[in-house]
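Here's start.txt, which has compact mmCIF, C-alpha atoms:
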```txt
# COMPACT_ATOMS: atom_id res chain seq x y z
CA MET S 51 5.25 -46.75 -18.61
CA SER S 52 3.33 -47.60 -21.79
CA LEU S 53 2.22 -44.98 -24.29
CA ALA S 54 -1.51 -44.34 -24.54
CA LEU S 55 -1.30 -42.02 -27.56
CA GLN S 56 1.36 -41.25 -30.14
CA VAL S 57 1.07 -38.44 -32.68
CA ARG S 58 3.73 -38.16 -35.38
CA GLY S 59 4.10 -35.37 -37.94
CA LEU S 60 0.38 -34.67 -37.92
CA ALA S 61 -1.03 -31.93 -40.15
CA GLY S 62 -4.63 -30.89 -40.56
CA GLY S 63 -7.12 -28.14 -41.27
CA TYR S 64 -10.27 -27.38 -43.21
CA GLY S 65 -10.54 -28.42 -46.84
CA ALA S 66 -7.37 -27.38 -48.63
CA LEU S 67 -6.41 -25.01 -45.81
CA THR S 68 -3.72 -26.43 -43.51
CA VAL S 69 -4.13 -24.93 -40.02
CA PHE S 70 -1.38 -26.84 -38.20
CA ARG S 71 1.54 -28.97 -39.35
CA ASP S 72 4.22 -31.36 -38.11
CA ALA S 73 2.60 -31.91 -34.69
CA SER S 74 4.33 -34.70 -32.76
CA PHE S 75 3.87 -35.73 -29.13
CA ASP S 76 3.41 -38.76 -26.88
CA VAL S 77 1.12 -39.21 -23.89
CA ALA S 78 1.90 -41.98 -21.40
CA SER S 79 -0.88 -44.03 -19.85
CA GLY S 80 -2.38 -42.13 -16.92
CA GLN S 81 -0.55 -38.90 -17.80
CA THR S 82 -2.22 -35.49 -18.13
CA ILE S 83 -0.75 -33.02 -20.61
CA GLY S 84 -1.80 -29.52 -21.58
CA ILE S 85 -1.76 -27.68 -24.90
CA LEU S 86 -1.68 -23.92 -24.44
CA GLY S 87 -2.19 -21.24 -27.04
CA PRO S 88 -4.29 -18.29 -28.21
CA ASN S 89 -7.40 -18.38 -30.39
CA GLY S 90 -6.59 -19.36 -33.94
CA ALA S 91 -3.37 -21.18 -33.08
CA GLY S 92 -4.72 -24.54 -34.28
CA LYS S 93 -5.44 -26.22 -30.94
CA THR S 94 -9.06 -27.16 -31.67
CA SER S 95 -8.17 -28.30 -35.19
CA LEU S 96 -5.50 -30.57 -33.69
CA LEU S 97 -7.95 -32.26 -31.32
CA LYS S 98 -10.57 -32.62 -34.05
CA THR S 99 -8.00 -34.24 -36.33
CA VAL S 100 -6.85 -36.65 -33.62
CA SER S 101 -10.48 -37.57 -32.89
CA GLY S 102 -11.30 -38.03 -36.60
CA LEU S 103 -13.74 -35.14 -36.94
CA LEU S 104 -11.33 -33.52 -39.44
CA PRO S 105 -9.24 -35.45 -41.99
CA ALA S 106 -5.49 -35.47 -41.50
CA HIS S 107 -3.37 -33.77 -44.16
CA GLY S 108 -0.43 -35.96 -43.20
CA GLY S 109 1.21 -37.80 -40.33
CA GLY S 110 0.01 -40.59 -38.06
CA ILE S 111 -1.89 -41.29 -34.84
CA TRP S 112 -1.69 -44.42 -32.69
CA LEU S 113 -3.88 -45.28 -29.71
CA GLY S 114 -1.75 -47.83 -27.92
CA GLU S 115 -0.74 -50.15 -30.77
CA GLU S 116 -3.81 -49.27 -32.87
CA ASN S 117 -3.23 -47.17 -35.98
CA LEU S 118 -6.12 -44.70 -36.02
CA ALA S 119 -5.48 -43.33 -39.52
CA PRO S 120 -8.01 -45.57 -41.33
CA LEU S 121 -10.68 -45.26 -38.63
CA SER S 122 -13.66 -42.90 -38.63
CA ALA S 123 -14.50 -40.67 -35.66
CA TRP S 124 -17.07 -43.09 -34.25
CA GLU S 125 -14.64 -46.02 -34.64
CA ARG S 126 -11.98 -44.06 -32.76
CA THR S 127 -14.51 -43.43 -30.01
CA ARG S 128 -15.26 -47.13 -29.81
CA HIS S 129 -11.53 -47.84 -29.52
CA GLY S 130 -11.27 -45.53 -26.50
CA LEU S 131 -10.76 -41.94 -27.66
CA ALA S 132 -13.25 -39.38 -26.26
CA LEU S 133 -13.48 -35.63 -26.91
CA VAL S 134 -15.19 -33.05 -24.68
CA PRO S 135 -15.74 -30.39 -27.36
CA GLU S 136 -15.33 -26.66 -27.14
CA GLY S 137 -18.65 -25.05 -26.22
CA ARG S 138 -19.91 -28.31 -24.67
CA GLN S 139 -22.39 -29.01 -27.53
CA MET S 140 -25.25 -30.44 -25.53
CA ILE S 141 -28.44 -31.53 -27.27
CA ALA S 142 -30.47 -28.87 -25.52
CA THR S 143 -33.89 -30.46 -25.98
CA LEU S 144 -32.81 -33.77 -24.45
CA THR S 145 -32.77 -34.26 -20.71
CA VAL S 146 -29.57 -34.81 -18.75
CA ALA S 147 -30.34 -38.53 -18.58
CA GLU S 148 -31.01 -38.72 -22.32
CA ASN S 149 -27.73 -36.98 -23.16
CA LEU S 150 -25.89 -39.58 -21.09
CA GLU S 151 -27.85 -42.41 -22.71
CA LEU S 152 -26.33 -41.47 -26.07
CA SER S 153 -23.25 -43.39 -24.92
CA LEU S 154 -25.17 -46.65 -25.32
CA ALA S 155 -25.13 -46.38 -29.11
CA ALA S 156 -21.40 -45.69 -29.18
CA THR S 157 -20.28 -48.35 -26.70
CA ARG S 158 -22.79 -51.20 -27.01
CA LEU S 159 -22.81 -51.52 -23.23
CA SER S 160 -25.10 -54.04 -21.61
CA ASN S 161 -27.82 -52.56 -19.41
CA ALA S 162 -26.00 -53.71 -16.28
CA ALA S 163 -22.68 -52.23 -17.40
CA TYR S 164 -24.42 -48.98 -18.38
CA ARG S 165 -26.07 -48.67 -14.95
CA GLU S 166 -22.74 -49.30 -13.23
CA ARG S 167 -21.01 -46.63 -15.31
CA LEU S 168 -23.90 -44.22 -14.72
CA GLU S 169 -23.61 -44.72 -10.96
CA GLN S 170 -19.89 -43.90 -11.16
CA VAL S 171 -20.63 -40.70 -13.09
CA HIS S 172 -23.37 -39.72 -10.62
CA ARG S 173 -20.96 -40.17 -7.71
CA LEU S 174 -18.56 -37.81 -9.45
CA PHE S 175 -21.32 -35.38 -10.48
CA PRO S 176 -24.18 -35.66 -7.95
CA ARG S 177 -25.80 -32.52 -9.39
CA LEU S 178 -26.41 -34.36 -12.65
CA ALA S 179 -28.30 -37.07 -10.77
CA GLU S 180 -30.46 -34.38 -9.19
CA ARG S 181 -31.17 -32.86 -12.61
CA ALA S 182 -31.56 -36.10 -14.57
CA SER S 183 -35.04 -35.23 -15.89
CA GLN S 184 -34.21 -31.58 -16.65
CA PRO S 185 -33.57 -30.44 -20.25
CA SER S 186 -29.85 -29.92 -20.68
CA GLY S 187 -30.46 -26.55 -22.33
CA SER S 188 -31.78 -25.22 -19.04
CA LEU S 189 -28.60 -26.05 -17.11
CA SER S 190 -26.09 -23.41 -16.05
CA GLY S 191 -22.79 -23.18 -17.95
CA GLY S 192 -20.99 -25.03 -15.18
CA GLU S 193 -23.59 -27.79 -15.09
CA GLN S 194 -23.38 -28.15 -18.87
CA GLN S 195 -19.61 -28.54 -18.63
CA MET S 196 -20.09 -31.24 -15.98
CA LEU S 197 -22.54 -32.98 -18.33
CA ALA S 198 -20.10 -32.74 -21.25
CA ILE S 199 -17.36 -34.37 -19.16
CA ALA S 200 -19.78 -36.97 -17.80
CA ARG S 201 -20.98 -37.82 -21.31
CA ALA S 202 -17.38 -38.48 -22.38
CA LEU S 203 -16.67 -40.59 -19.27
CA MET S 204 -19.71 -42.72 -20.07
CA LEU S 205 -17.75 -43.92 -23.11
CA GLY S 206 -15.11 -45.47 -20.83
CA PRO S 207 -12.25 -43.75 -22.66
CA GLN S 208 -8.60 -44.72 -22.67
CA VAL S 209 -7.75 -41.13 -23.63
CA LEU S 210 -9.94 -38.16 -22.63
CA MET S 211 -9.41 -34.93 -24.60
CA LEU S 212 -10.92 -31.66 -23.37
CA ASP S 213 -11.14 -28.56 -25.55
CA GLU S 214 -11.27 -25.27 -23.59
CA PRO S 215 -13.09 -26.68 -20.52
CA THR S 216 -13.05 -23.28 -18.75
CA GLN S 217 -14.47 -21.30 -21.67
CA GLY S 218 -17.20 -18.87 -20.57
CA LEU S 219 -17.24 -20.04 -16.96
CA ALA S 220 -17.14 -17.87 -13.84
CA PRO S 221 -14.00 -18.20 -11.69
CA VAL S 222 -15.82 -20.16 -8.97
CA ILE S 223 -17.02 -22.70 -11.57
CA VAL S 224 -13.53 -22.89 -13.09
CA ARG S 225 -12.25 -23.96 -9.66
CA GLN S 226 -14.96 -26.65 -9.49
CA VAL S 227 -14.02 -27.98 -12.94
CA LEU S 228 -10.35 -27.96 -11.92
CA GLY S 229 -11.16 -30.01 -8.81
CA ILE S 230 -13.10 -32.54 -10.90
CA LEU S 231 -10.28 -32.97 -13.41
CA GLN S 232 -7.68 -33.20 -10.64
CA SER S 233 -9.70 -36.07 -9.17
CA LEU S 234 -9.49 -37.88 -12.55
CA ARG S 235 -5.70 -37.63 -12.86
CA GLY S 236 -4.09 -41.03 -13.02
CA GLN S 237 -7.43 -42.72 -13.67
CA TYR S 238 -7.53 -41.46 -17.24
CA THR S 239 -4.99 -40.31 -19.78
CA MET S 240 -5.94 -36.69 -20.50
CA ILE S 241 -5.11 -33.98 -23.03
CA VAL S 242 -6.40 -30.55 -22.00
CA VAL S 243 -6.44 -27.65 -24.49
CA GLU S 244 -6.65 -24.25 -22.80
CA GLN S 245 -5.82 -20.56 -22.97
CA ASN S 246 -5.73 -20.40 -19.16
CA ARG S 247 -2.10 -21.07 -18.13
CA ALA S 248 -2.86 -21.03 -14.39
CA PHE S 249 -5.52 -23.72 -14.89
CA LEU S 250 -3.08 -25.94 -16.77
CA ASP S 251 -0.28 -25.35 -14.27
CA ALA S 252 -2.56 -26.66 -11.49
CA LEU S 253 -3.60 -29.72 -13.48
CA VAL S 254 -1.10 -31.08 -15.99
CA GLU S 255 2.29 -32.77 -15.78
CA ARG S 256 3.58 -31.30 -19.03
CA THR S 257 2.55 -28.39 -21.23
CA LEU S 258 2.99 -27.89 -24.96
CA ILE S 259 2.58 -24.54 -26.69
CA MET S 260 0.84 -24.08 -30.04
CA ARG S 261 1.71 -20.94 -31.95
CA GLY S 262 0.76 -20.31 -35.56
CA GLY S 263 0.03 -23.96 -36.19
CA GLN S 264 3.29 -25.20 -34.69
CA LEU S 265 3.53 -27.30 -31.52
CA GLU S 266 6.52 -26.93 -29.18
CA ALA S 267 7.54 -27.58 -25.60
CA ALA S 268 6.63 -24.83 -23.14
CA ALA S 269 9.42 -22.85 -21.52
CA LEU S 270 9.13 -21.94 -17.84
CA ASP S 271 8.64 -18.27 -18.74
CA ASP S 272 5.90 -18.93 -21.35
CA HIS S 273 2.72 -17.19 -20.15
```

Translate this structure into structure tokens?
Amino acid sequence: MSLALQVRGLAGGYGALTVFRDASFDVASGQTIGILGPNGAGKTSLLKTVSGLLPAHGGGIWLGEENLAPLSAWERTRHGLALVPEGRQMIATLTVAENLELSLAATRLSNAAYRERLEQVHRLFPRLAERASQPSGSLSGGEQQMLAIARALMLGPQVLMLDEPTQGLAPVIVRQVLGILQSLRGQYTMIVVEQNRAFLDALVERTLIMRGGQLEAAALDDH
């Protein structure tokens, strides 16, 4: 099986502050992996560095055979790397449809290809089709998380990264999000950052633990 993403000796943080260091892992095409850890462990900083939102302090990242190091965040998106950020980060004043249309600028899709991708997203998230003209800021937390995932899928990613997808959601909505992501397994290569071990256990094929800025394999008794 080919590798979708390779991370080697990656370090990153904010300004001169290094938050994590020597992070190395591979993700095979179609595989779903989890990264588990408490607040402040460096999980979000790791995803932001992989996606190009934070500069790397060292190490390398490859998407397939493509070296991502010299590429900006938007160039990495265009090459097939998509991030569903922590807190969802909707543009609250735009409608659901307008939030999804933002993918046009990033992907340069033709109108026909955009409509086809939008239909696929609406089949996965029929509630978003029902609320297409509604401002995204008026959606429930669960609906906003659906929109955040849908917005990333509109980019047609090779690798989909999700940062704390269950954050602030009621248990019934967490189960809905889990069902959605389970339905995407195998279709997309996914990296899911979470504090919820049970959620990851039900979703991923392999879990890594981040503690104090260090990434390591999870033991069976790690909870």

ask   = Leaving out Pro176 in chain S and any residue of its chain fewer than 6 positions from it, which residues lie within 12 Å of it when counting all atoms listed in the file, given as a VMD selection string?
value = chain S and resid 168 to 170 182 193 196 to 197 200 230

Nearby residues (all atoms listed in the file) at most 10 Å from range 218-223 of chain S, same-chain spacing under 6 positions excluded, as a PyMOL selection string = chain S and resi 137+190-193+195+229

ask   = Quick one: distance from CA of Leu133 in chain S to CA of Thr94 in chain S in Å, one decimal?
value =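 One can read the CA of Leu133 in chain S to CA of Thr94 in chain S distance as 10.7 Å.
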
request  = Name the closest residue to Gly114 in chain S among the candidates S:Asn89, S:Thr157, S:Gln56, S:Ser183; distances are taken between atoms, counting all atoms listed in the file.
outcome  =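 Once distances to Gly114 in chain S are computed over all atoms listed in the file, the minimum belongs to S:Gln56.
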
query = Could you work out how far CA of Gln194 in chain S lies from CA of Gly92 in chain S, giving the answer in Å with one decimal?
reply =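 Result for CA of Gly92 in chain S versus CA of Gln194 in chain S: 24.5 Å, one decimal.
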